[in-house]
>>> print(open('input_18.cif').read())   # mmCIF, C-alpha atoms
data_target
loop_
_atom_site.label_atom_id
_atom_site.label_comp_id
_atom_site.auth_asym_id
_atom_site.auth_seq_id
_atom_site.Cartn_x
_atom_site.Cartn_y
_atom_site.Cartn_z
CA MET A 1 164.46 85.04 62.05
CA LEU A 2 161.85 84.21 59.42
CA PRO A 3 161.35 86.44 56.35
CA LEU A 4 158.02 87.94 57.43
CA ASP A 5 158.60 88.19 61.18
CA GLY A 6 156.75 91.24 62.54
CA LEU A 7 154.15 91.48 59.77
CA LEU A 8 150.48 91.58 60.74
CA VAL A 9 147.97 90.00 58.36
CA ILE A 10 144.21 90.25 58.78
CA SER A 11 142.29 87.62 56.84
CA ILE A 12 138.54 87.42 56.29
CA GLU A 13 138.72 83.97 54.80
CA GLN A 14 137.06 80.64 54.32
CA ALA A 15 137.47 77.43 52.33
CA VAL A 16 140.85 76.89 50.58
CA ALA A 17 142.29 79.66 48.38
CA ALA A 18 142.61 82.52 50.89
CA PRO A 19 143.52 80.22 53.81
CA LEU A 20 146.33 78.72 51.71
CA CYS A 21 147.68 82.18 50.90
CA THR A 22 147.73 83.13 54.59
CA ALA A 23 149.06 79.71 55.63
CA ARG A 24 152.13 80.46 53.52
CA LEU A 25 152.40 83.86 55.20
CA VAL A 26 152.30 82.16 58.62
CA SER A 27 155.03 79.75 57.53
CA ALA A 28 157.18 82.73 56.57
CA GLY A 29 156.76 84.27 60.01
CA ALA A 30 153.74 86.59 59.69
CA ARG A 31 151.11 86.89 62.39
CA VAL A 32 147.73 86.03 60.85
CA ILE A 33 144.44 86.93 62.51
CA LYS A 34 141.59 84.94 60.98
CA ILE A 35 138.14 86.54 61.17
CA GLU A 36 135.37 83.95 61.32
CA ARG A 37 131.61 83.80 61.69
CA PRO A 38 130.33 82.37 64.98
CA GLU A 39 129.88 78.98 63.28
CA GLY A 40 133.42 79.19 61.91
CA ASP A 41 135.04 78.72 58.52
CA PHE A 42 132.84 76.19 56.72
CA ALA A 43 135.98 74.25 55.78
CA ARG A 44 136.02 73.10 59.40
CA ASP A 45 133.21 70.72 58.41
CA TYR A 46 134.47 69.51 55.04
CA ASP A 47 135.42 66.13 56.50
CA LYS A 48 136.49 64.42 59.72
CA ALA A 49 139.57 62.68 58.36
CA ALA A 50 142.10 64.47 60.60
CA ARG A 51 141.29 62.43 63.72
CA GLY A 52 137.83 63.89 63.91
CA GLU A 53 138.58 67.28 62.37
CA SER A 54 138.76 68.60 58.83
CA SER A 55 141.83 67.66 56.82
CA TYR A 56 141.52 70.90 54.83
CA PHE A 57 141.20 73.11 57.89
CA THR A 58 144.05 71.42 59.76
CA TRP A 59 146.34 71.72 56.73
CA LEU A 60 145.61 75.39 56.03
CA ASN A 61 145.23 77.02 59.43
CA GLN A 62 148.22 76.08 61.58
CA GLY A 63 149.41 78.95 63.77
CA LYS A 64 146.57 81.38 63.04
CA GLU A 65 144.61 83.32 65.64
CA SER A 66 140.81 83.09 65.36
CA ILE A 67 138.37 85.83 66.25
CA CYS A 68 134.59 85.76 65.81
CA LEU A 69 133.73 89.27 64.70
CA ASP A 70 130.62 90.81 63.14
CA PHE A 71 132.14 93.84 61.44
CA LYS A 72 128.73 94.91 60.13
CA ASP A 73 127.78 96.24 63.57
CA THR A 74 129.30 99.32 65.16
CA GLN A 75 131.42 97.59 67.77
CA GLY A 76 132.74 94.96 65.38
CA ALA A 77 133.50 97.57 62.73
CA SER A 78 135.47 99.59 65.27
CA VAL A 79 137.59 96.55 66.11
CA LEU A 80 138.23 95.75 62.45
CA TRP A 81 139.24 99.37 61.75
CA ALA A 82 141.67 99.19 64.66
CA MET A 83 143.16 96.01 63.22
CA LEU A 84 143.43 97.48 59.73
CA GLY A 85 145.14 100.56 61.11
CA LYS A 86 148.01 98.37 62.33
CA ALA A 87 147.96 95.70 59.62
CA ASP A 88 150.39 95.21 56.77
CA VAL A 89 148.12 92.96 54.68
CA LEU A 90 144.41 92.24 54.38
CA VAL A 91 143.42 89.04 52.56
CA GLN A 92 139.73 88.39 51.88
CA ASN A 93 137.65 86.03 49.78
CA LEU A 94 134.14 87.19 50.54
CA SER A 95 131.66 87.56 47.68
CA PRO A 96 132.63 90.50 45.42
CA GLY A 97 131.40 93.78 46.88
CA SER A 98 130.70 92.42 50.38
CA LEU A 99 133.43 94.45 52.09
CA ASP A 100 132.41 97.61 50.26
CA ARG A 101 128.80 97.16 51.34
CA ALA A 102 129.97 96.72 54.94
CA GLY A 103 131.74 100.10 54.74
CA PHE A 104 135.28 98.78 54.13
CA SER A 105 136.09 99.98 50.64
CA THR A 106 139.72 99.87 49.57
CA ARG A 107 139.68 103.67 49.28
CA ARG A 108 138.59 104.07 52.91
CA MET A 109 141.06 101.45 54.10
CA HIS A 110 143.93 103.23 52.33
CA GLU A 111 142.83 106.54 53.81
CA ALA A 112 143.15 104.92 57.24
CA ASN A 113 146.36 103.06 56.44
CA PRO A 114 148.16 104.01 53.19
CA ARG A 115 150.67 101.16 53.64
CA LEU A 116 147.99 98.46 53.69
CA ILE A 117 148.16 95.77 51.01
CA VAL A 118 144.67 94.50 50.14
CA CYS A 119 144.42 91.14 48.39
CA ASN A 120 141.00 90.11 47.07
CA ILE A 121 140.45 86.50 46.00
CA SER A 122 137.33 85.66 44.00
CA GLY A 123 135.96 83.09 41.61
CA TYR A 124 135.55 85.15 38.44
CA GLY A 125 136.86 88.59 39.38
CA SER A 126 135.19 91.53 41.10
CA THR A 127 133.58 93.09 38.00
CA GLY A 128 131.85 91.86 34.86
CA GLU A 129 128.75 89.83 34.13
CA VAL A 130 129.92 86.67 35.94
CA ALA A 131 131.45 88.34 39.00
CA ASP A 132 128.52 87.24 41.17
CA LYS A 133 128.50 83.67 39.85
CA ARG A 134 129.19 81.06 42.51
CA ALA A 135 132.62 79.58 41.97
CA TYR A 136 133.85 76.36 43.51
CA ASP A 137 136.95 74.50 42.42
CA LEU A 138 135.31 71.86 40.22
CA LEU A 139 133.06 74.45 38.59
CA VAL A 140 136.08 76.54 37.64
CA GLN A 141 137.91 73.46 36.35
CA ALA A 142 134.90 72.94 34.08
CA GLU A 143 134.40 76.55 32.95
CA SER A 144 138.08 77.16 32.22
CA GLY A 145 138.40 74.06 30.04
CA LEU A 146 140.77 72.19 32.36
CA ILE A 147 138.43 69.21 32.46
CA SER A 148 138.34 69.05 28.65
CA VAL A 149 142.06 68.20 28.56
CA SER A 150 142.10 65.97 31.64
CA GLY A 151 141.04 62.43 32.35
CA SER A 152 140.82 59.74 29.69
CA PRO A 153 139.52 59.87 26.09
CA GLN A 154 136.34 58.08 27.17
CA ALA A 155 135.85 60.06 30.39
CA PRO A 156 137.18 63.60 30.83
CA GLY A 157 137.68 64.04 34.54
CA ARG A 158 138.28 66.34 37.46
CA ILE A 159 141.87 66.91 38.51
CA GLY A 160 142.05 64.99 41.75
CA VAL A 161 142.86 67.84 44.14
CA SER A 162 141.35 71.34 44.44
CA VAL A 163 143.84 72.63 41.92
CA CYS A 164 142.12 75.96 41.09
CA ASP A 165 141.77 76.84 44.76
CA ILE A 166 145.37 75.84 45.41
CA GLY A 167 146.64 77.72 42.36
CA ALA A 168 144.76 80.87 43.34
CA GLY A 169 146.09 80.70 46.90
CA ILE A 170 149.70 80.31 45.81
CA THR A 171 149.28 83.03 43.17
CA ALA A 172 147.86 85.39 45.80
CA TYR A 173 150.76 84.61 48.12
CA GLY A 174 153.25 85.50 45.39
CA ALA A 175 151.36 88.70 44.61
CA VAL A 176 151.40 89.74 48.29
CA LEU A 177 155.16 89.17 48.47
CA GLU A 178 155.65 91.30 45.34
CA ALA A 179 153.53 94.05 46.86
CA LEU A 180 155.55 93.94 50.08
CA LEU A 181 158.76 94.36 48.08
CA LYS A 182 157.24 97.28 46.17
CA ARG A 183 156.03 98.88 49.42
CA ALA A 184 159.55 98.66 50.83
CA ARG A 185 160.62 101.02 48.01
CA THR A 186 157.57 103.28 47.70
CA GLY A 187 156.07 103.22 51.19
CA GLN A 188 152.64 102.70 49.64
CA GLY A 189 150.24 99.79 49.83
CA GLU A 190 148.08 98.66 46.93
CA GLU A 191 145.08 96.56 45.98
CA LEU A 192 145.52 93.15 44.34
CA SER A 193 142.88 90.90 42.83
CA VAL A 194 143.27 87.20 42.04
CA SER A 195 140.52 84.98 40.67
CA LEU A 196 140.35 81.21 40.43
CA PHE A 197 139.24 81.54 36.82
CA ASP A 198 142.15 83.79 35.79
CA VAL A 199 144.62 81.33 37.31
CA ALA A 200 143.05 78.33 35.55
CA ALA A 201 142.70 80.25 32.27
CA GLU A 202 146.41 81.08 32.22
CA TRP A 203 147.24 77.43 32.81
CA MET A 204 145.21 76.69 29.67
CA ALA A 205 147.51 78.84 27.52
CA VAL A 206 149.05 75.97 25.52
CA PRO A 207 145.78 74.08 24.83
CA TYR A 208 144.17 77.41 23.92
CA VAL A 209 146.88 78.28 21.40
CA HIS A 210 146.51 74.82 19.84
CA ALA A 211 142.73 75.32 19.63
CA GLU A 212 142.83 78.90 18.34
CA TYR A 213 145.85 78.87 16.06
CA GLY A 214 146.77 75.22 15.56
CA THR A 215 144.87 72.10 14.57
CA GLY A 216 142.84 71.77 17.75
CA ALA A 217 143.36 71.41 21.48
CA PRO A 218 144.80 68.13 22.75
CA LEU A 219 142.18 65.61 23.79
CA PRO A 220 142.24 63.90 27.19
CA ALA A 221 144.99 61.31 27.02
CA GLY A 222 144.69 59.51 30.34
CA LEU A 223 148.10 58.24 31.44
CA HIS A 224 149.67 58.93 28.05
CA HIS A 225 151.44 61.85 26.42
CA PRO A 226 149.48 63.15 23.42
CA SER A 227 152.51 63.65 21.15
CA ILE A 228 155.27 61.31 22.41
CA ALA A 229 155.35 57.51 22.38
CA PRO A 230 156.03 55.49 24.35
CA TYR A 231 155.23 57.89 27.16
CA GLY A 232 152.63 56.39 29.43
CA ALA A 233 151.69 53.76 31.99
CA PHE A 234 152.13 50.03 31.51
CA ALA A 235 150.70 47.22 33.61
CA CYS A 236 152.98 44.73 35.35
CA ALA A 237 152.44 41.19 36.57
CA ASP A 238 151.52 42.40 40.06
CA HIS A 239 148.83 44.70 38.59
CA ARG A 240 150.81 47.83 39.44
CA LEU A 241 151.31 50.51 36.80
CA VAL A 242 154.69 51.98 35.89
CA LEU A 243 154.91 55.08 33.73
CA ILE A 244 157.81 55.45 31.32
CA ALA A 245 158.97 58.43 29.26
CA ILE A 246 161.05 57.99 26.10
CA GLN A 247 162.49 61.31 24.93
CA ASN A 248 164.78 60.36 22.04
CA GLU A 249 165.88 57.50 19.79
CA ARG A 250 168.81 56.52 21.99
CA GLU A 251 166.42 55.89 24.86
CA TRP A 252 164.06 54.00 22.56
CA GLU A 253 166.90 51.70 21.57
CA ARG A 254 167.87 51.08 25.20
CA LEU A 255 164.25 50.39 26.12
CA CYS A 256 163.95 47.77 23.38
CA THR A 257 167.28 46.03 23.88
CA ASP A 258 168.04 46.39 27.60
CA VAL A 259 164.61 46.60 29.24
CA LEU A 260 162.18 44.75 26.99
CA CYS A 261 164.86 42.48 25.46
CA SER A 262 163.15 42.71 22.06
CA GLU A 263 165.12 43.27 18.88
CA ALA A 264 161.84 42.83 16.99
CA LEU A 265 160.44 46.01 18.50
CA LEU A 266 163.57 47.95 17.61
CA GLU A 267 163.53 46.70 14.02
CA ASN A 268 159.79 47.22 13.44
CA PRO A 269 159.45 49.98 10.78
CA ASP A 270 156.18 51.12 12.39
CA TYR A 271 158.23 52.17 15.43
CA SER A 272 161.21 53.70 13.61
CA SER A 273 160.61 57.29 14.84
CA ASN A 274 158.51 59.10 17.38
CA ASN A 275 156.05 60.17 14.69
CA GLU A 276 155.65 56.57 13.57
CA ARG A 277 155.28 55.34 17.12
CA VAL A 278 152.57 57.92 17.82
CA ARG A 279 150.81 56.91 14.62
CA HIS A 280 150.87 53.25 15.67
CA ARG A 281 150.44 53.90 19.40
CA GLU A 282 147.81 51.22 20.03
CA ALA A 283 149.88 48.40 18.55
CA LEU A 284 153.05 49.74 20.19
CA GLU A 285 151.50 49.74 23.64
CA GLU A 286 150.13 46.24 23.16
CA ASP A 287 153.61 45.01 22.20
CA ILE A 288 155.24 46.70 25.21
CA THR A 289 152.55 45.44 27.60
CA SER A 290 153.09 41.88 26.35
CA VAL A 291 156.52 42.11 28.01
CA THR A 292 155.76 44.25 31.06
CA CYS A 293 152.90 41.97 32.10
CA THR A 294 155.48 39.21 32.67
CA LEU A 295 157.51 41.38 35.07
CA THR A 296 156.65 42.57 38.56
CA SER A 297 156.73 46.34 38.99
CA PRO A 298 159.99 46.19 41.03
CA GLU A 299 161.59 44.06 38.29
CA PHE A 300 160.44 46.45 35.57
CA GLN A 301 161.61 49.50 37.52
CA ASP A 302 164.99 47.90 38.21
CA ARG A 303 165.56 47.34 34.49
CA LEU A 304 164.49 50.92 33.71
CA ARG A 305 166.78 52.34 36.39
CA THR A 306 169.75 50.27 35.19
CA SER A 307 169.13 51.39 31.60
CA ARG A 308 168.75 55.07 32.56
CA ILE A 309 165.19 55.29 31.29
CA ALA A 310 162.92 57.84 32.99
CA TYR A 311 160.09 56.18 34.88
CA GLY A 312 157.68 56.66 37.74
CA ALA A 313 155.54 54.27 39.72
CA VAL A 314 151.84 55.14 39.59
CA ASN A 315 151.37 55.37 43.34
CA GLU A 316 148.33 55.88 45.51
CA ALA A 317 147.82 58.47 48.23
CA GLY A 318 148.73 55.97 50.94
CA ASP A 319 152.07 55.29 49.25
CA LEU A 320 153.21 58.90 49.60
CA LYS A 321 154.52 58.54 53.15
CA HIS A 322 156.85 55.73 52.08
CA HIS A 323 158.30 57.47 49.02
CA PRO A 324 162.03 58.16 49.53
CA ALA A 325 161.62 61.79 48.44
CA THR A 326 158.74 62.54 50.83
CA ARG A 327 159.35 64.82 53.81
CA MET A 328 156.71 64.80 56.53
CA SER A 329 155.88 67.45 59.09
CA GLY A 330 153.83 67.47 62.27
CA TYR A 331 150.48 69.26 62.19
CA THR A 332 148.19 69.63 65.19
CA THR A 333 144.42 69.87 65.16
CA ALA A 334 142.48 72.38 67.23
CA ALA A 335 141.82 69.61 69.75
CA GLY A 336 145.55 68.90 70.08
CA GLU A 337 145.74 65.73 67.99
CA LEU A 338 149.12 65.37 66.27
CA LEU A 339 149.21 64.15 62.66
CA GLU A 340 151.83 63.86 59.94
CA PHE A 341 151.24 65.86 56.75
CA PRO A 342 153.50 66.26 53.72
CA ALA A 343 155.93 69.03 54.64
CA HIS A 344 156.01 72.61 53.35
CA PRO A 345 157.67 72.38 49.92
CA VAL A 346 160.36 74.98 50.71
CA LEU A 347 163.22 73.50 52.72
CA ARG A 348 165.10 76.29 54.47
CA HIS A 349 168.79 75.51 54.78
CA VAL A 350 169.17 77.61 57.92
CA ALA A 351 168.40 77.00 61.57
CA ASP A 352 165.27 79.23 61.61
CA ILE A 353 162.19 77.07 62.16
CA ALA A 354 158.68 78.33 62.87
CA GLU A 355 157.43 77.61 66.36
CA PRO A 356 155.23 74.50 66.62
CA SER A 357 151.57 75.47 66.39
CA ARG A 358 148.10 74.11 65.76
CA SER A 359 144.88 75.12 64.05
CA PRO A 360 142.68 77.34 66.24
CA LEU A 361 139.34 76.63 67.81
CA VAL A 362 136.50 78.81 66.51
CA GLY A 363 136.95 82.24 68.10
CA GLU A 364 139.68 80.93 70.40
CA HIS A 365 141.47 84.28 70.55
CA THR A 366 138.41 86.56 70.48
CA ALA A 367 138.71 87.91 74.02
CA ALA A 368 142.44 88.61 73.77
CA LEU A 369 142.12 90.26 70.37
CA LEU A 370 139.17 92.41 71.43
CA GLU A 371 141.28 93.65 74.32
CA GLU A 372 144.27 94.28 72.05
CA PHE A 373 142.33 96.15 69.38
CA SER A 374 139.60 97.84 71.39
CA GLY A 375 139.02 101.51 70.76
CA PRO A 376 139.44 103.65 67.62
CA PRO A 377 142.21 102.89 65.09
#
>>> encode(input="input_18.cif", output="structure tokens")
Amino acid sequence: MLPLDGLLVISIEQAVAAPLCTARLVSAGARVIKIERPEGDFARDYDKAARGESSYFTWLNQGKESICLDFKDTQGASVLWAMLGKADVLVQNLSPGSLDRAGFSTRRMHEANPRLIVCNISGYGSTGEVADKRAYDLLVQAESGLISVSGSPQAPGRIGVSVCDIGAGITAYGAVLEALLKRARTGQGEELSVSLFDVAAEWMAVPYVHAEYGTGAPLPAGLHHPSIAPYGAFACADHRLVLIAIQNEREWERLCTDVLCSEALLENPDYSSNNERVRHREALEEDITSVTCTLTSPEFQDRLRTSRIAYGAVNEAGDLKHHPATRMSGYTTAAGELLEFPAHPVLRHVADIAEPSRSPLVGEHTAALLEEFSGPP
């Protein structure tokens, strides 16, 4: 038995944030019915990397049922009302106000089904002067300030995955679970709203406090920590980068004597404390690199491991499969092509495993779902 077995989720979704929320609900056992336009979720066409299909869509839509439904016409609206009458959760990331204009206000939905949990996902919220502003992941990274503290000093940069979309989806999933727990006690559903901007803004709490109350927000630091040294990436003889993290003076001493084999570094007064090392960061990193560039990355990592110094190889996406901590899981495209993806991050230590599934074809389940939900709610 999975935690959400027996729950029915209706999702009017596209792109990443809402599909990720409902993908987590599927993984926990819920039945998710995905309402699509006739042309389908536009994420289906983001790329063709998954053996001819979209990597995003394949990742986020395993095990869902797809129905093409125009709920703005009378027949489609009747079907959607029938679904909502039986549903536990509605997730939607249409433009703010779209559902209301189609006749599906939260008030009317709760009149039809008081136990329904409604989760709205938007870019900038459902009210206010920027509610109607188009919001895509990179735009929200920019508007929230995330880009200003990312990248390198010379080139602030985008975080390399759709982090605002992903954060909003996971936040929405957590909010839905909280609402389900509350409903178990009260018997009442509720309305939840999650925006990409709110999620990113909360993540900016520490830089904001530094900017508003301190001496200024941290600047982009690339592969370096802004207030600890040495804490960053160093090049090796094989042109690979290895990132090290020194947290205290005992580790600094071990790094100098056991890893870099340099008493001169340890005795240099410019490097006598973390504050001094940060102040002389450029010279410090040049001195460390003069040693690491004579070692291959495996040699450098072996010394770090033996000396109990925290480190991490700066890997590429293709290296992920071969990392000893990586777990892989089988995902299947709508066409039936099997691929390996990084596994769901929660490892359940029980025998319950979700049934193997795949992403759906556009409208694949339309006929069956129309038959199931035909008639009034």
>>> resolve_selection(input="input_18.cif", expression="the PyMOL selection byres ((chain A and resi 138) around 9)", output="number ranges by chain")
A: 135-137, 139-143, 147, 158-159, 162-164
>>> resolve_selection(input="input_18.cif", expression="the PyMOL selection byres ((chain A and resi 74-89) around 9)", output="JSON, numbers by chain")
{"A": [7, 8, 9, 10, 11, 69, 70, 71, 72, 73, 90, 91, 102, 103, 104, 109, 112, 113, 115, 116, 117, 118, 119, 176, 180, 189, 369, 370, 373, 374, 375, 376, 377]}
>>> resolve_selection(input="input_18.cif", expression="the PyMOL selection byres ((chain A and resi 23-32) around 6)", output="PyMOL selection string")
chain A and resi 2-5+7-10+19-22+33+60+64
>>> atom_distance(input="input_18.cif", atom1="CA of Glu337 (chain A)", atom2="CA of Thr58 (chain A)")
10.1 Å
>>> residues_around(input="input_18.cif", residues="region 267-270 of chain A", least_positions_apart="3", cutoff="10 Å", atoms="all atoms listed in the file", output="PyMOL selection string")
chain A and resi 253+256+262-264+273-281+283-284
>>> atom_distance(input="input_18.cif", atom1="CA of Ser193 (chain A)", atom2="CA of Ser66 (chain A)")
23.9 Å
>>> atom_distance(input="input_18.cif", atom1="CA of Leu219 (chain A)", atom2="CA of Val149 (chain A)")
5.4 Å
>>> residues_around(input="input_18.cif", residues="region 93-100 of chain A", least_positions_apart="4", cutoff="6 Å", atoms="all atoms listed in the file", output="ChimeraX atom specification")
/A:13,104-105,120-122,126
>>> residues_around(input="input_18.cif", residues="region 309-319 of chain A", least_positions_apart="3", cutoff="8 Å", atoms="all atoms listed in the file", output="number ranges by chain")
A: 233, 240-246, 251, 254-255, 301, 304-306, 322-323
>>> closest_residue(input="input_18.cif", among="A:Ala335, A:Leu196, A:Ala368, A:Val161", to="Gly52 (chain A)", atoms="all atoms listed in the file")
A:Ala335
>>> closest_residue(input="input_18.cif", among="A:Gly174, A:Pro218, A:Ser227, A:Pro156", to="Val194 (chain A)", atoms="only C-alpha atoms")
A:Gly174
>>> closest_residue(input="input_18.cif", among="A:Gln14, A:Thr127, A:Ser329, A:Ser55", to="Ile35 (chain A)", atoms="all atoms listed in the file")
A:Gln14
>>> closest_residue(input="input_18.cif", among="A:Leu361, A:Ala15, A:Ala43, A:Leu265", to="Gly336 (chain A)", atoms="all atoms listed in the file")
A:Leu361
>>> closest_residue(input="input_18.cif", among="A:Thr366, A:Ser357, A:Thr333, A:Thr294", to="Ala49 (chain A)", atoms="all atoms listed in the file")
A:Thr333
>>> closest_residue(input="input_18.cif", among="A:Asp198, A:Tyr56, A:Val130, A:His225", to="Asp41 (chain A)", atoms="only C-alpha atoms")
A:Tyr56
>>> decode(input="input_18.cif", residues="region 119-192 of chain A", atoms="C-alpha atoms", output="mmCIF file, in the first residue's frame")
data_model
loop_
_atom_site.group_PDB
_atom_site.id
_atom_site.type_symbol
_atom_site.label_atom_id
_atom_site.label_comp_id
_atom_site.auth_asym_id
_atom_site.auth_seq_id
_atom_site.Cartn_x
_atom_site.Cartn_y
_atom_site.Cartn_z
ATOM 1 C CA CYS A 119 -3.962 24.098 -5.400
ATOM 2 C CA ASN A 120 -3.213 27.036 -7.705
ATOM 3 C CA ILE A 121 0.312 27.458 -9.058
ATOM 4 C CA SER A 122 1.235 30.753 -10.703
ATOM 5 C CA GLY A 123 4.214 32.904 -11.561
ATOM 6 C CA TYR A 124 3.606 35.953 -9.368
ATOM 7 C CA GLY A 125 0.435 35.107 -7.455
ATOM 8 C CA SER A 126 -3.225 35.461 -8.372
ATOM 9 C CA THR A 127 -3.670 39.107 -7.323
ATOM 10 C CA GLY A 128 -1.654 42.306 -7.503
ATOM 11 C CA GLU A 129 -0.191 44.404 -10.291
ATOM 12 C CA VAL A 130 2.110 41.683 -11.659
ATOM 13 C CA ALA A 131 -0.309 38.753 -11.400
ATOM 14 C CA ASP A 132 -0.827 38.747 -15.176
ATOM 15 C CA LYS A 133 2.877 39.035 -15.988
ATOM 16 C CA ARG A 134 4.242 36.085 -17.933
ATOM 17 C CA ALA A 135 6.489 34.027 -15.696
ATOM 18 C CA TYR A 136 8.972 31.457 -16.910
ATOM 19 C CA ASP A 137 11.711 29.952 -14.797
ATOM 20 C CA LEU A 138 14.621 32.104 -15.975
ATOM 21 C CA LEU A 139 12.525 35.266 -15.741
ATOM 22 C CA VAL A 140 11.684 34.499 -12.123
ATOM 23 C CA GLN A 141 15.331 33.692 -11.368
ATOM 24 C CA ALA A 142 16.101 37.189 -12.656
ATOM 25 C CA GLU A 143 13.253 39.073 -10.952
ATOM 26 C CA SER A 144 13.774 37.429 -7.563
ATOM 27 C CA GLY A 145 17.491 38.240 -7.487
ATOM 28 C CA LEU A 146 18.690 34.635 -7.681
ATOM 29 C CA ILE A 147 20.805 35.439 -10.722
ATOM 30 C CA SER A 148 22.493 38.317 -8.881
ATOM 31 C CA VAL A 149 24.061 35.878 -6.404
ATOM 32 C CA SER A 150 24.784 33.090 -8.891
ATOM 33 C CA GLY A 151 27.414 32.516 -11.523
ATOM 34 C CA SER A 152 30.848 34.121 -11.421
ATOM 35 C CA PRO A 153 31.944 37.660 -10.482
ATOM 36 C CA GLN A 154 32.433 38.495 -14.162
ATOM 37 C CA ALA A 155 29.245 36.786 -15.376
ATOM 38 C CA PRO A 156 26.196 36.327 -13.142
ATOM 39 C CA GLY A 157 24.386 33.311 -14.499
ATOM 40 C CA ARG A 158 21.272 31.201 -14.615
ATOM 41 C CA ILE A 159 21.076 28.267 -12.235
ATOM 42 C CA GLY A 160 21.491 25.339 -14.578
ATOM 43 C CA VAL A 161 18.147 23.607 -14.017
ATOM 44 C CA SER A 162 14.599 25.030 -13.856
ATOM 45 C CA VAL A 163 15.006 25.609 -10.149
ATOM 46 C CA CYS A 164 12.040 27.989 -9.631
ATOM 47 C CA ASP A 165 9.672 25.626 -11.430
ATOM 48 C CA ILE A 166 11.041 22.667 -9.482
ATOM 49 C CA GLY A 167 10.891 24.533 -6.179
ATOM 50 C CA ALA A 168 7.301 25.613 -6.789
ATOM 51 C CA GLY A 169 6.265 22.069 -7.707
ATOM 52 C CA ILE A 170 7.811 20.532 -4.600
ATOM 53 C CA THR A 171 6.388 23.331 -2.414
ATOM 54 C CA ALA A 172 2.922 22.726 -3.866
ATOM 55 C CA TYR A 173 3.265 19.000 -3.222
ATOM 56 C CA GLY A 174 4.110 19.658 0.431
ATOM 57 C CA ALA A 175 1.194 22.071 0.743
ATOM 58 C CA VAL A 176 -1.228 19.498 -0.706
ATOM 59 C CA LEU A 177 -0.022 16.877 1.780
ATOM 60 C CA GLU A 178 -0.519 19.339 4.654
ATOM 61 C CA ALA A 179 -4.027 20.088 3.413
ATOM 62 C CA LEU A 180 -4.833 16.372 3.217
ATOM 63 C CA LEU A 181 -3.720 15.938 6.834
ATOM 64 C CA LYS A 182 -5.842 18.914 7.887
ATOM 65 C CA ARG A 183 -8.850 17.560 5.970
ATOM 66 C CA ALA A 184 -8.504 14.243 7.778
ATOM 67 C CA ARG A 185 -9.212 16.153 11.018
ATOM 68 C CA THR A 186 -11.727 18.754 9.828
ATOM 69 C CA GLY A 187 -13.425 17.072 6.879
ATOM 70 C CA GLN A 188 -13.031 20.290 4.900
ATOM 71 C CA GLY A 189 -11.028 21.075 1.797
ATOM 72 C CA GLU A 190 -9.282 24.391 1.214
ATOM 73 C CA GLU A 191 -7.647 26.575 -1.413
ATOM 74 C CA LEU A 192 -3.853 26.840 -1.647
#
